[in-house]
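A.B. asks: Here you go, data_26.cif (mmCIF, C-alpha atoms):
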```cif
data_model
#
loop_
_atom_site.label_atom_id
_atom_site.label_comp_id
_atom_site.auth_asym_id
_atom_site.auth_seq_id
_atom_site.Cartn_x
_atom_site.Cartn_y
_atom_site.Cartn_z
CA MET A 424 -8.67 25.09 -24.27
CA LEU A 425 -10.24 24.33 -20.92
CA LEU A 426 -6.81 24.31 -19.35
CA ILE A 427 -5.98 27.77 -20.67
CA ALA A 428 -9.38 29.08 -19.62
CA GLY A 429 -8.96 27.56 -16.16
CA LEU A 430 -5.49 28.98 -15.68
CA GLY A 431 -6.60 32.39 -16.92
CA LEU A 432 -9.56 32.45 -14.58
CA ALA A 433 -7.45 31.23 -11.69
CA LEU A 434 -4.78 33.84 -12.19
CA LEU A 435 -6.79 36.89 -13.20
CA TRP A 436 -10.41 36.65 -12.27
CA ALA A 437 -10.87 34.80 -9.02
CA PRO A 438 -10.88 37.04 -5.93
CA GLU A 439 -7.88 36.88 -3.68
CA ASP A 440 -8.13 34.92 -0.50
CA ALA A 441 -8.23 37.18 2.53
CA ASP A 442 -5.82 35.14 4.68
CA GLN A 443 -3.39 33.72 2.23
CA GLY A 444 -3.07 36.30 -0.54
CA PRO A 445 -1.84 35.43 -4.02
CA SER A 446 -0.27 32.14 -2.96
CA GLN A 447 -3.77 30.80 -2.54
CA ARG A 448 -4.07 30.73 -6.32
CA ILE A 449 -1.94 27.60 -6.48
CA PHE A 450 -4.96 25.96 -4.91
CA TYR A 451 -6.64 26.06 -8.33
CA ILE A 452 -3.89 23.84 -9.69
CA HIS A 453 -3.02 21.77 -6.65
CA VAL A 454 -6.46 20.51 -5.72
CA PRO A 455 -7.66 19.64 -9.25
CA VAL A 456 -4.38 17.82 -9.89
CA ALA A 457 -4.83 15.85 -6.67
CA LEU A 458 -8.44 14.99 -7.50
CA THR A 459 -7.40 13.96 -11.01
CA ALA A 460 -4.79 11.63 -9.55
CA TYR A 461 -7.48 10.02 -7.38
CA VAL A 462 -9.70 9.63 -10.43
CA CYS A 463 -6.82 7.97 -12.32
CA PHE A 464 -6.20 5.51 -9.49
CA ALA A 465 -9.89 4.75 -9.21
CA TRP A 466 -10.08 4.23 -12.98
CA ALA A 467 -7.08 1.89 -12.81
CA ALA A 468 -8.77 -0.12 -10.07
CA TRP A 469 -12.01 -0.26 -12.05
CA LYS A 470 -10.16 -1.58 -15.10
CA ALA A 471 -8.30 -4.03 -12.87
CA PHE A 472 -11.60 -5.23 -11.48
CA ARG A 473 -12.94 -5.72 -14.99
CA LEU A 474 -9.85 -7.69 -15.93
CA LEU A 475 -10.33 -10.06 -13.02
CA TRP A 476 -14.09 -10.30 -13.18
CA LYS A 477 -14.91 -10.24 -16.90
CA ARG A 478 -11.52 -11.56 -18.08
CA ASP A 479 -11.24 -8.60 -20.37
CA ASP A 480 -7.60 -8.82 -21.50
CA ARG A 481 -7.46 -5.33 -22.96
CA ALA A 482 -8.10 -3.91 -19.49
CA ASP A 483 -4.53 -4.73 -18.45
CA LEU A 484 -2.94 -2.02 -20.58
CA GLU A 485 -5.73 0.39 -19.69
CA SER A 486 -5.21 -0.16 -15.99
CA TYR A 487 -1.46 0.21 -16.38
CA THR A 488 -1.82 3.45 -18.32
CA ALA A 489 -4.22 4.84 -15.73
CA VAL A 490 -1.74 4.08 -12.94
CA HIS A 491 0.94 5.74 -15.03
CA MET A 492 -1.16 8.89 -15.36
CA GLY A 493 -2.07 8.74 -11.68
CA VAL A 494 1.57 8.65 -10.66
CA ILE A 495 2.41 11.60 -12.91
CA PHE A 496 -0.43 13.65 -11.43
CA GLY A 497 0.51 12.41 -7.96
CA VAL A 498 4.04 13.73 -8.38
CA LEU A 499 2.62 17.04 -9.60
CA THR A 500 0.45 17.15 -6.48
CA LEU A 501 3.48 16.57 -4.29
CA VAL A 502 5.42 19.31 -6.07
CA THR A 503 2.62 21.91 -6.05
CA GLY A 504 1.67 21.00 -2.48
CA SER A 505 5.25 21.37 -1.41
CA ILE A 506 5.47 24.83 -3.02
CA TRP A 507 2.26 25.82 -1.30
CA ALA A 508 3.57 24.55 2.03
CA LYS A 509 6.75 26.56 1.53
CA ILE A 510 4.78 29.74 0.93
CA SER A 511 2.16 29.24 3.64
CA TRP A 512 4.17 27.67 6.41
CA GLY A 513 7.74 28.36 5.37
CA VAL A 514 8.80 24.73 5.03
CA TRP A 515 8.97 22.49 1.99
CA TRP A 516 7.58 19.54 3.79
CA THR A 517 5.33 19.18 6.78
CA TRP A 518 4.20 15.87 8.17
CA SER A 519 1.02 17.41 9.48
CA GLU A 520 -0.29 18.03 5.96
CA ARG A 521 -2.48 14.98 5.61
CA GLN A 522 -3.08 15.08 1.88
CA LEU A 523 0.60 15.40 1.11
CA VAL A 524 1.53 12.51 3.39
CA LEU A 525 -1.19 10.43 1.77
CA PHE A 526 0.22 11.22 -1.65
CA LEU A 527 3.67 10.25 -0.49
CA ILE A 528 2.35 6.86 0.63
CA LEU A 529 0.46 6.44 -2.64
CA PHE A 530 3.55 7.43 -4.58
CA LEU A 531 5.59 4.74 -2.80
CA PHE A 532 2.82 2.22 -3.33
CA TYR A 533 2.36 2.85 -7.04
CA SER A 534 6.10 3.04 -7.68
CA ALA A 535 6.23 -0.49 -6.35
CA TYR A 536 3.51 -1.29 -8.90
CA PHE A 537 5.96 -0.37 -11.66
CA MET A 538 8.68 -2.48 -10.05
CA LEU A 539 6.27 -5.40 -9.94
CA ARG A 540 5.39 -5.00 -13.61
CA TYR A 541 8.93 -4.60 -14.82
CA SER A 542 10.29 -7.60 -12.96
CA THR A 543 7.57 -10.07 -13.95
CA GLU A 544 7.44 -11.89 -17.28
CA PRO A 545 4.69 -10.50 -19.52
CA GLY A 546 1.63 -12.68 -19.74
CA PRO A 547 -1.76 -13.29 -18.19
CA ARG A 548 -0.27 -13.89 -14.76
CA ARG A 549 1.45 -10.53 -14.73
CA ALA A 550 -1.78 -8.89 -15.85
CA ARG A 551 -3.71 -10.47 -12.99
CA THR A 552 -1.03 -9.80 -10.38
CA SER A 553 -0.84 -6.13 -11.34
CA ALA A 554 -4.62 -5.94 -11.32
CA VAL A 555 -4.80 -7.33 -7.79
CA TYR A 556 -2.16 -4.83 -6.68
CA ALA A 557 -4.03 -1.93 -8.30
CA LEU A 558 -7.17 -3.03 -6.45
CA PHE A 559 -5.21 -3.03 -3.19
CA GLY A 560 -4.34 0.58 -3.98
CA VAL A 561 -7.88 1.91 -3.81
CA VAL A 562 -8.48 0.01 -0.60
CA LEU A 563 -5.24 1.31 0.87
CA LEU A 564 -6.26 4.88 0.07
CA PRO A 565 -9.05 5.34 2.66
CA VAL A 566 -7.24 3.11 5.16
CA SER A 567 -4.10 5.23 4.91
CA PHE A 568 -6.15 8.37 5.15
CA LEU A 569 -7.67 7.10 8.38
CA ALA A 570 -4.20 6.09 9.59
CA ILE A 571 -2.79 9.54 8.92
CA ARG A 572 -5.72 11.15 10.70
CA LEU A 573 -5.05 8.93 13.68
CA ALA A 574 -1.35 9.67 13.61
CA GLU A 575 -1.28 13.40 13.07
CA GLN A 576 -2.44 16.60 14.62
CA VAL A 577 -4.49 19.02 12.59
CA LEU A 578 -2.86 21.89 10.74
CA HIS A 579 -4.58 21.69 7.38
CA PRO A 580 -6.82 24.53 6.17
CA ALA A 581 -10.54 23.90 6.69
CA PRO A 582 -12.00 21.19 4.47
CA LEU A 583 -13.38 22.09 1.11
CA PHE A 584 -16.91 20.92 1.73
CA ASN A 585 -18.67 20.86 5.02
CA ARG A 586 -22.33 20.28 5.60
CA ASP A 587 -23.26 23.74 4.38
CA GLY A 588 -21.86 23.13 0.91
CA PRO A 589 -18.74 24.56 -0.67
CA GLN A 590 -16.92 27.15 1.45
CA MET A 591 -16.07 29.37 -1.46
CA SER A 592 -17.59 32.34 -3.15
CA ALA A 593 -19.41 31.59 -6.40
CA SER A 594 -16.66 32.94 -8.64
CA MET A 595 -13.99 30.96 -6.79
CA PHE A 596 -16.06 27.82 -7.02
CA PHE A 597 -16.67 28.35 -10.73
CA THR A 598 -12.96 28.84 -11.37
CA PHE A 599 -12.23 25.74 -9.35
CA CYS A 600 -14.70 23.69 -11.39
CA VAL A 601 -13.24 24.92 -14.67
CA CYS A 602 -9.76 24.00 -13.44
CA LEU A 603 -10.93 20.58 -12.34
CA ALA A 604 -12.60 19.95 -15.70
CA ALA A 605 -9.44 21.13 -17.44
CA MET A 606 -7.23 18.77 -15.45
CA LEU A 607 -9.57 15.86 -16.05
CA ALA A 608 -9.63 16.63 -19.77
CA LEU A 609 -5.84 16.84 -19.82
CA ALA A 610 -5.53 13.53 -17.97
CA GLY A 611 -8.06 11.94 -20.34
CA ALA A 612 -6.19 13.17 -23.39
CA LEU A 613 -2.82 12.01 -22.08
CA TYR A 614 -4.37 8.67 -21.15
CA ARG A 615 -5.69 8.22 -24.68
CA ILE A 616 -2.35 9.10 -26.28
CA GLU A 617 -0.39 6.87 -23.93
CA LEU A 618 -2.81 3.99 -24.39
CA THR A 619 -2.67 4.21 -28.17
CA GLY A 620 1.12 4.29 -27.99
CA LYS A 621 1.24 1.24 -25.75
CA ARG A 622 -1.22 -0.69 -27.93
CA VAL A 623 0.76 0.08 -31.08
CA ASP A 624 3.90 -1.01 -29.28
CA ALA A 625 2.34 -4.30 -28.19
CA ARG A 626 0.99 -4.95 -31.69
CA LEU A 627 4.38 -4.20 -33.21
CA ARG A 628 6.04 -6.65 -30.86
CA GLU A 629 3.50 -9.33 -31.79
CA LEU A 630 4.11 -8.76 -35.49
CA ARG A 631 7.86 -8.90 -34.99
CA GLU A 632 7.52 -12.20 -33.16
CA HIS A 633 5.45 -13.56 -36.06
CA LEU A 634 8.19 -12.57 -38.48
CA THR A 635 11.06 -14.19 -36.61
CA MET B 935 -16.74 -26.28 5.21
CA THR B 936 -15.08 -29.00 7.26
CA ALA B 937 -13.25 -30.16 4.14
CA TYR B 938 -12.01 -26.62 3.61
CA LEU B 939 -10.81 -26.37 7.20
CA SER B 940 -9.04 -29.69 7.06
CA ASP B 941 -7.29 -28.58 3.85
CA VAL B 942 -6.19 -25.40 5.60
CA THR B 943 -4.87 -27.19 8.67
CA ALA B 944 -3.08 -29.77 6.52
CA LEU B 945 -1.37 -27.01 4.54
CA ALA B 946 -0.39 -25.05 7.65
CA ARG B 947 0.86 -28.24 9.29
CA LYS B 948 2.99 -28.95 6.22
CA ASP B 949 4.73 -25.56 6.53
CA LEU B 950 5.30 -25.98 10.25
CA LEU B 951 6.71 -29.47 9.74
CA VAL B 952 9.05 -28.29 7.00
CA GLU B 953 10.25 -25.54 9.31
CA LEU B 954 10.60 -27.91 12.25
CA ARG B 955 12.83 -30.18 10.19
CA SER B 956 14.89 -27.64 8.30
CA ARG B 957 14.97 -24.84 10.91
CA ASP B 958 15.64 -22.28 8.20
CA THR B 959 13.53 -19.31 9.11
CA VAL B 960 12.57 -19.06 12.77
CA PRO B 961 16.08 -19.15 14.33
CA ALA B 962 17.14 -16.43 11.88
CA MET B 963 14.11 -14.35 12.86
CA LEU B 964 14.86 -14.70 16.57
CA LEU B 965 18.46 -13.69 16.13
CA PHE B 966 17.52 -10.84 13.84
CA VAL B 967 14.91 -9.33 16.14
CA VAL B 968 17.19 -9.39 19.19
CA GLY B 969 20.07 -8.06 17.12
CA ALA B 970 17.90 -5.26 15.77
CA LEU B 971 16.81 -4.26 19.27
CA VAL B 972 20.44 -3.99 20.33
CA VAL B 973 21.51 -2.07 17.22
CA PHE B 974 18.66 0.42 17.64
CA HIS B 975 19.80 1.20 21.15
CA PHE B 976 23.09 2.51 19.75
CA ALA B 977 21.50 4.12 16.70
CA LEU B 978 18.98 6.20 18.63
CA ALA B 979 21.16 7.25 21.58
CA ASP B 980 17.93 7.91 23.43
CA SER B 981 15.94 5.24 25.22
CA SER B 982 12.83 7.26 25.99
CA ARG B 983 9.45 5.56 26.01
CA LEU B 984 8.53 7.05 22.63
CA ALA B 985 11.72 5.99 20.91
CA ALA B 986 11.57 2.50 22.40
CA ALA B 987 8.04 1.90 21.12
CA GLY B 988 8.89 3.03 17.60
CA MET B 989 12.01 0.92 17.58
CA LEU B 990 10.19 -2.20 18.69
CA TRP B 991 7.70 -1.81 15.85
CA ILE B 992 10.38 -1.29 13.24
CA ALA B 993 12.22 -4.36 14.52
CA LEU B 994 9.02 -6.43 14.37
CA LEU B 995 8.19 -5.21 10.87
CA PHE B 996 11.62 -6.09 9.48
CA THR B 997 11.58 -9.45 11.21
CA ALA B 998 8.22 -10.13 9.60
CA LEU B 999 9.78 -9.30 6.22
CA LEU B 1000 12.35 -12.05 6.81
CA ALA B 1001 9.57 -14.57 7.36
CA LEU B 1002 7.65 -13.35 4.32
CA VAL B 1003 10.65 -13.44 2.00
CA ARG B 1004 11.25 -17.04 3.04
CA SER B 1005 7.60 -18.05 2.99
CA PHE B 1006 7.30 -19.13 -0.65
CA VAL B 1007 10.84 -20.46 -1.09
CA ALA B 1008 9.88 -24.12 -0.77
CA GLU B 1009 6.90 -23.63 -3.06
CA ARG B 1010 9.07 -22.14 -5.76
CA GLU B 1011 12.30 -24.10 -5.51
CA GLY B 1012 10.72 -27.48 -5.01
CA THR B 1013 7.91 -26.58 -7.43
CA VAL B 1014 5.56 -27.45 -4.60
CA ILE B 1015 3.20 -24.77 -5.83
CA ASP B 1016 2.39 -26.78 -8.98
CA GLY B 1017 1.40 -29.73 -6.83
CA LEU B 1018 -0.71 -27.51 -4.57
CA LEU B 1019 -2.48 -25.97 -7.54
CA LEU B 1020 -3.26 -29.43 -8.93
CA ALA B 1021 -4.62 -30.61 -5.59
CA PRO B 1022 -8.42 -30.70 -5.41
CA CYS B 1023 -8.71 -27.94 -2.85
CA ASP B 1024 -9.88 -24.37 -3.00
CA ARG B 1025 -7.00 -22.01 -3.90
CA SER B 1026 -7.80 -19.66 -1.06
CA ALA B 1027 -7.10 -22.57 1.33
CA ILE B 1028 -3.46 -22.37 0.19
CA TRP B 1029 -3.43 -18.70 1.19
CA LEU B 1030 -5.06 -19.34 4.54
CA GLY B 1031 -2.73 -22.23 5.38
CA LYS B 1032 0.32 -20.17 4.45
CA ALA B 1033 -0.96 -17.15 6.37
CA LEU B 1034 -1.53 -19.32 9.46
CA SER B 1035 2.00 -20.68 9.32
CA VAL B 1036 3.45 -17.17 8.86
CA PHE B 1037 1.36 -16.04 11.81
CA ALA B 1038 2.77 -18.88 13.90
CA PHE B 1039 6.37 -17.96 12.98
CA LEU B 1040 5.73 -14.33 13.85
CA ALA B 1041 4.12 -15.23 17.16
CA PHE B 1042 7.12 -17.40 17.97
CA ALA B 1043 9.56 -14.59 17.17
CA GLU B 1044 7.53 -12.15 19.24
CA ALA B 1045 7.42 -14.53 22.17
CA VAL B 1046 11.17 -13.89 22.30
CA ALA B 1047 11.18 -10.27 21.17
CA LEU B 1048 8.69 -8.95 23.73
CA PRO B 1049 10.49 -10.35 26.81
CA ALA B 1050 13.76 -9.07 25.36
CA PHE B 1051 12.14 -5.67 24.89
CA ALA B 1052 10.86 -5.72 28.47
CA LEU B 1053 14.31 -6.69 29.73
CA LEU B 1054 16.25 -4.11 27.71
CA TYR B 1055 13.83 -1.18 27.49
CA GLU B 1056 10.29 -0.75 28.74
CA PRO B 1057 7.74 -2.98 30.47
CA VAL B 1058 5.33 -4.77 28.13
CA THR B 1059 1.68 -3.80 28.55
CA TRP B 1060 -1.45 -5.73 27.62
CA GLU B 1061 -2.24 -3.11 25.00
CA LEU B 1062 1.10 -3.77 23.36
CA ILE B 1063 0.48 -7.51 23.29
CA ALA B 1064 -2.99 -7.00 21.80
CA GLY B 1065 -1.55 -4.59 19.23
CA VAL B 1066 1.17 -7.05 18.25
CA ALA B 1067 -1.35 -9.87 17.88
CA LEU B 1068 -3.66 -7.79 15.69
CA ALA B 1069 -0.79 -6.47 13.60
CA ASN B 1070 0.40 -10.05 13.10
CA VAL B 1071 -2.91 -10.95 11.52
CA GLY B 1072 -2.58 -8.07 9.07
CA ILE B 1073 1.07 -8.83 8.28
CA ALA B 1074 0.34 -12.51 7.70
CA ALA B 1075 -2.73 -11.80 5.54
CA VAL B 1076 -1.26 -9.12 3.29
CA GLY B 1077 2.29 -10.45 3.35
CA THR B 1078 1.31 -13.93 2.19
CA LEU B 1079 -0.54 -12.54 -0.81
CA LEU B 1080 2.33 -10.20 -1.70
CA GLY B 1081 4.78 -13.06 -1.19
CA ALA B 1082 2.89 -15.10 -3.76
CA MET B 1083 2.92 -12.10 -6.10
CA ALA B 1084 6.63 -11.54 -5.69
CA ALA B 1085 7.36 -15.25 -6.14
CA ALA B 1086 6.45 -14.88 -9.82
CA ALA B 1087 8.88 -12.00 -10.34
CA ARG B 1088 12.59 -12.07 -11.06
CA ALA B 1089 13.89 -9.96 -8.17
CA ARG B 1090 11.62 -11.49 -5.53
CA GLU B 1091 13.64 -10.79 -2.40
CA LEU B 1092 13.99 -7.18 -3.47
CA LEU B 1093 10.45 -6.74 -4.64
CA LEU B 1094 8.59 -7.99 -1.59
CA PRO B 1095 9.73 -5.25 0.84
CA LEU B 1096 8.91 -2.61 -1.78
CA LEU B 1097 5.42 -3.99 -2.19
CA PHE B 1098 4.89 -4.53 1.50
CA LEU B 1099 6.16 -1.35 3.17
CA PRO B 1100 3.53 1.10 1.88
CA LEU B 1101 0.82 -1.35 2.89
CA ALA B 1102 2.39 -1.75 6.33
CA ILE B 1103 2.25 1.96 7.19
CA PRO B 1104 -1.29 1.76 8.65
CA LEU B 1105 -0.20 -1.25 10.73
CA ILE B 1106 2.69 0.73 12.18
CA VAL B 1107 0.40 3.68 12.93
CA GLY B 1108 -2.05 1.40 14.72
CA GLY B 1109 0.68 -0.50 16.53
CA VAL B 1110 2.58 2.53 17.77
CA GLY B 1111 -0.71 4.21 18.70
CA ALA B 1112 -1.82 1.17 20.69
CA THR B 1113 1.52 1.18 22.50
CA LEU B 1114 1.69 4.87 23.35
CA ALA B 1115 -1.68 6.59 23.12
CA ASP B 1116 -3.92 7.30 26.09
CA ASP B 1117 -6.87 5.61 24.39
CA PRO B 1118 -5.38 2.45 22.85
CA ALA B 1119 -8.85 1.05 22.10
CA ARG B 1120 -9.20 3.34 19.07
CA TYR B 1121 -5.94 2.13 17.62
CA LEU B 1122 -6.70 -1.50 18.35
CA GLY B 1123 -10.04 -1.02 16.63
CA PHE B 1124 -8.26 0.46 13.64
CA LEU B 1125 -5.90 -2.53 13.49
CA ALA B 1126 -8.86 -4.89 13.63
CA LEU B 1127 -10.54 -2.99 10.79
CA TYR B 1128 -7.38 -3.18 8.70
CA ASP B 1129 -7.12 -6.93 9.35
CA LEU B 1130 -10.71 -7.49 8.36
CA ILE B 1131 -10.57 -5.48 5.12
CA PHE B 1132 -7.26 -6.81 3.89
CA ALA B 1133 -7.87 -10.40 4.95
CA ILE B 1134 -11.08 -10.49 2.91
CA LEU B 1135 -9.39 -8.83 -0.06
CA SER B 1136 -6.38 -11.17 0.05
CA TRP B 1137 -8.57 -14.22 0.53
CA ALA B 1138 -10.64 -13.28 -2.50
CA SER B 1139 -7.78 -12.35 -4.80
CA PHE B 1140 -5.23 -15.09 -4.02
CA GLU B 1141 -6.47 -17.37 -6.77
CA TYR B 1142 -5.75 -14.76 -9.44
CA VAL B 1143 -2.19 -14.33 -8.22
CA VAL B 1144 -1.06 -17.96 -8.21
CA THR B 1145 -2.70 -19.49 -11.28
CA GLU B 1146 -0.71 -19.45 -14.49
#
```
In structure tokens, how does this file's structure come out?
C.D. replies:
Amino acid sequence: MLLIAGLGLALLWAPEDADQGPSQRIFYIHVPVALTAYVCFAWAAWKAFRLLWKRDDRADLESYTAVHMGVIFGVLTLVTGSIWAKISWGVWWTWSERQLVLFLILFLFYSAYFMLRYSTEPGPRRARTSAVYALFGVVLLPVSFLAIRLAEQVLHPAPLFNRDGPQMSASMFFTFCVCLAAMLALAGALYRIELTGKRVDARLRELREHLT
Amino acid sequence: MTAYLSDVTALARKDLLVELRSRDTVPAMLLFVVGALVVFHFALADSSRLAAAGMLWIALLFTALLALVRSFVAEREGTVIDGLLLAPCDRSAIWLGKALSVFAFLAFAEAVALPAFALLYEPVTWELIAGVALANVGIAAVGTLLGAMAAAARARELLLPLLFLPLAIPLIVGGVGATLADDPARYLGFLALYDLIFAILSWASFEYVVTE
């Protein structure tokens, strides 16, 4: 529901951006998707931390599922960002777009997370190793961001928030918030479904092992 | 504290002695780094200052990967790691000892690579040496932890570069910046920050990665 409302508002109601015209509307999808991906990675790291600290074994699957969702939303960010770059700057990829480069690094990093999981025997050690790697991810995020800032020149549109608060008109900001809530709700729902699926799968495997 | 330090030095000394007797890793690293410098000359067809700096850093990074891939071989094949885990020492001392020995191997390889670079390409500056030293700390800290992670997996030699490369991007940014930029101090500071953050994180999380 929220998603439909957000998309409707983004496409029909929000005023057009003076500089960028209709292409600016992809902003309402791109930025919430990117923020949702960050939230997923942060959630994965939080679950990983709980696994290591409280020895909560269920957190392993939760952390894994959150990384899974984060990677899906990260890929969406790369795709929408790339479309936006094509429309605004005429190229599919630009190295001076910091957020996109950051997502590329994160994508590489979290793809390696899957490789790590798939090539290690299941068990408590795999759970802890993956958890440590997921924790490295949230630390790598700001460090990479700083690295990209150091490495690149500036071509990105002005930041969303400066000291005077959001740089958007009220209706744009409202639409943006609805879209963000919609994306978060979507991610939450997908996370729930995926987690239930994975838990059922694990339980089934246990039962099968008992039988044989 | 002194007990901890003597554990660390004993462990690092063990790795250096093993290497001194078997001569498995360091000669290969030396040959590889010089070979890479020569190959890059033909690959780039352009020996400008910018290209030379980038090439040196890529050569150093890949040479470091050689050392890291080899770093836990003895532990795994000779099941040394079981003995180390049974020993009455703090687990993080194993990490620190291993990181010190990796650092020593890297420093040895660079003691050959930098003069070769100066001979074949560009003069070596103090900023470059400082950058290499700081990057070594980061490579040894993060790489040792990831090496221990990958040692538990099936496709270890394949997995380690995948895990390591995204984490090494900030190191490359800092290193190339320190080599080329007008204000190398900023980049050296960034490298030091990276070392500090990731050394603490690796030191704290090593225990979770090695215990069964």
A.B. asks: Write out as a list in words which residues come within 10 Å of His453 of chain A when counting only C-alpha atoms, dropping same-chain ones fewer than 4 positions away.
C.D. replies: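 Those residues are Gln447, Arg448, Ile449, Ala457, Leu458, Thr459, Phe496, Leu499, Thr500, Leu501, Val502, Thr503, Gly504, Ser505, Ile506, Trp507, Cys602 and Leu603 of chain A.
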A.B. asks: Tell me the residues of chain A close to chain B, meaning within 12 Å using only C-alpha atoms, as a PDB file with C-alpha atoms, in the coordinates of the input.
C.D. replies:
```
ATOM      1  CA  ALA A 471      -8.300  -4.030 -12.870  1.00  0.00           C
ATOM      2  CA  PHE A 472     -11.600  -5.230 -11.480  1.00  0.00           C
ATOM      3  CA  LEU A 474      -9.850  -7.690 -15.930  1.00  0.00           C
ATOM      4  CA  LEU A 475     -10.330 -10.060 -13.020  1.00  0.00           C
ATOM      5  CA  TRP A 476     -14.090 -10.300 -13.180  1.00  0.00           C
ATOM      6  CA  ARG A 478     -11.520 -11.560 -18.080  1.00  0.00           C
ATOM      7  CA  VAL A 524       1.530  12.510   3.390  1.00  0.00           C
ATOM      8  CA  LEU A 525      -1.190  10.430   1.770  1.00  0.00           C
ATOM      9  CA  PHE A 526       0.220  11.220  -1.650  1.00  0.00           C
ATOM     10  CA  LEU A 527       3.670  10.250  -0.490  1.00  0.00           C
ATOM     11  CA  ILE A 528       2.350   6.860   0.630  1.00  0.00           C
ATOM     12  CA  LEU A 529       0.460   6.440  -2.640  1.00  0.00           C
ATOM     13  CA  PHE A 530       3.550   7.430  -4.580  1.00  0.00           C
ATOM     14  CA  LEU A 531       5.590   4.740  -2.800  1.00  0.00           C
ATOM     15  CA  PHE A 532       2.820   2.220  -3.330  1.00  0.00           C
ATOM     16  CA  TYR A 533       2.360   2.850  -7.040  1.00  0.00           C
ATOM     17  CA  SER A 534       6.100   3.040  -7.680  1.00  0.00           C
ATOM     18  CA  ALA A 535       6.230  -0.490  -6.350  1.00  0.00           C
ATOM     19  CA  TYR A 536       3.510  -1.290  -8.900  1.00  0.00           C
ATOM     20  CA  PHE A 537       5.960  -0.370 -11.660  1.00  0.00           C
ATOM     21  CA  MET A 538       8.680  -2.480 -10.050  1.00  0.00           C
ATOM     22  CA  LEU A 539       6.270  -5.400  -9.940  1.00  0.00           C
ATOM     23  CA  ARG A 540       5.390  -5.000 -13.610  1.00  0.00           C
ATOM     24  CA  TYR A 541       8.930  -4.600 -14.820  1.00  0.00           C
ATOM     25  CA  SER A 542      10.290  -7.600 -12.960  1.00  0.00           C
ATOM     26  CA  THR A 543       7.570 -10.070 -13.950  1.00  0.00           C
ATOM     27  CA  GLU A 544       7.440 -11.890 -17.280  1.00  0.00           C
ATOM     28  CA  PRO A 545       4.690 -10.500 -19.520  1.00  0.00           C
ATOM     29  CA  GLY A 546       1.630 -12.680 -19.740  1.00  0.00           C
ATOM     30  CA  PRO A 547      -1.760 -13.290 -18.190  1.00  0.00           C
ATOM     31  CA  ARG A 548      -0.270 -13.890 -14.760  1.00  0.00           C
ATOM     32  CA  ARG A 549       1.450 -10.530 -14.730  1.00  0.00           C
ATOM     33  CA  ALA A 550      -1.780  -8.890 -15.850  1.00  0.00           C
ATOM     34  CA  ARG A 551      -3.710 -10.470 -12.990  1.00  0.00           C
ATOM     35  CA  THR A 552      -1.030  -9.800 -10.380  1.00  0.00           C
ATOM     36  CA  SER A 553      -0.840  -6.130 -11.340  1.00  0.00           C
ATOM     37  CA  ALA A 554      -4.620  -5.940 -11.320  1.00  0.00           C
ATOM     38  CA  VAL A 555      -4.800  -7.330  -7.790  1.00  0.00           C
ATOM     39  CA  TYR A 556      -2.160  -4.830  -6.680  1.00  0.00           C
ATOM     40  CA  ALA A 557      -4.030  -1.930  -8.300  1.00  0.00           C
ATOM     41  CA  LEU A 558      -7.170  -3.030  -6.450  1.00  0.00           C
ATOM     42  CA  PHE A 559      -5.210  -3.030  -3.190  1.00  0.00           C
ATOM     43  CA  GLY A 560      -4.340   0.580  -3.980  1.00  0.00           C
ATOM     44  CA  VAL A 561      -7.880   1.910  -3.810  1.00  0.00           C
ATOM     45  CA  VAL A 562      -8.480   0.010  -0.600  1.00  0.00           C
ATOM     46  CA  LEU A 563      -5.240   1.310   0.870  1.00  0.00           C
ATOM     47  CA  LEU A 564      -6.260   4.880   0.070  1.00  0.00           C
ATOM     48  CA  PRO A 565      -9.050   5.340   2.660  1.00  0.00           C
ATOM     49  CA  VAL A 566      -7.240   3.110   5.160  1.00  0.00           C
ATOM     50  CA  SER A 567      -4.100   5.230   4.910  1.00  0.00           C
ATOM     51  CA  PHE A 568      -6.150   8.370   5.150  1.00  0.00           C
ATOM     52  CA  LEU A 569      -7.670   7.100   8.380  1.00  0.00           C
ATOM     53  CA  ALA A 570      -4.200   6.090   9.590  1.00  0.00           C
ATOM     54  CA  ILE A 571      -2.790   9.540   8.920  1.00  0.00           C
ATOM     55  CA  ARG A 572      -5.720  11.150  10.700  1.00  0.00           C
ATOM     56  CA  LEU A 573      -5.050   8.930  13.680  1.00  0.00           C
ATOM     57  CA  ALA A 574      -1.350   9.670  13.610  1.00  0.00           C
ATOM     58  CA  GLU A 575      -1.280  13.400  13.070  1.00  0.00           C
TER      59      GLU A 575
END
```
A.B. asks: Can you work out the spacing between atom CA of Glu1011 of chain B and atom CA of Ala1041 of chain B in Å, to one decimal?
C.D. replies: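 We find that atom CA of Glu1011 of chain B and atom CA of Ala1041 of chain B lie 25.7 Å from each other.
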A.B. asks: Around all the atoms of segment 560-571 of chain A listed in the file, draw an axis-aligned box and extend it by 4 Å on each of the six sides; I want its centre and edge lengths in Å to one decimal, as JSON.
C.D. replies:
```
{"center_x": -5.9, "center_y": 4.8, "center_z": 2.8, "size_x": 14.3, "size_y": 17.5, "size_z": 21.6}
```
A.B. asks: Evaluated on this file, the PyMOL selection byres ((chain B and resi 1048) around 10) picks out some residues - which ones are they, written as a PyMOL selection string?
C.D. replies: chain B and resi 967-968+990+994+1043-1047+1049-1054+1056-1059+1062-1063+1066
A.B. asks: Please, what distance in Å, to one decimal, runs between atom CA of Leu950 of chain B and atom CA of Phe1037 of chain B?
C.D. replies: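 Spanning atom CA of Leu950 of chain B to atom CA of Phe1037 of chain B is a straight-line distance of 10.8 Å.
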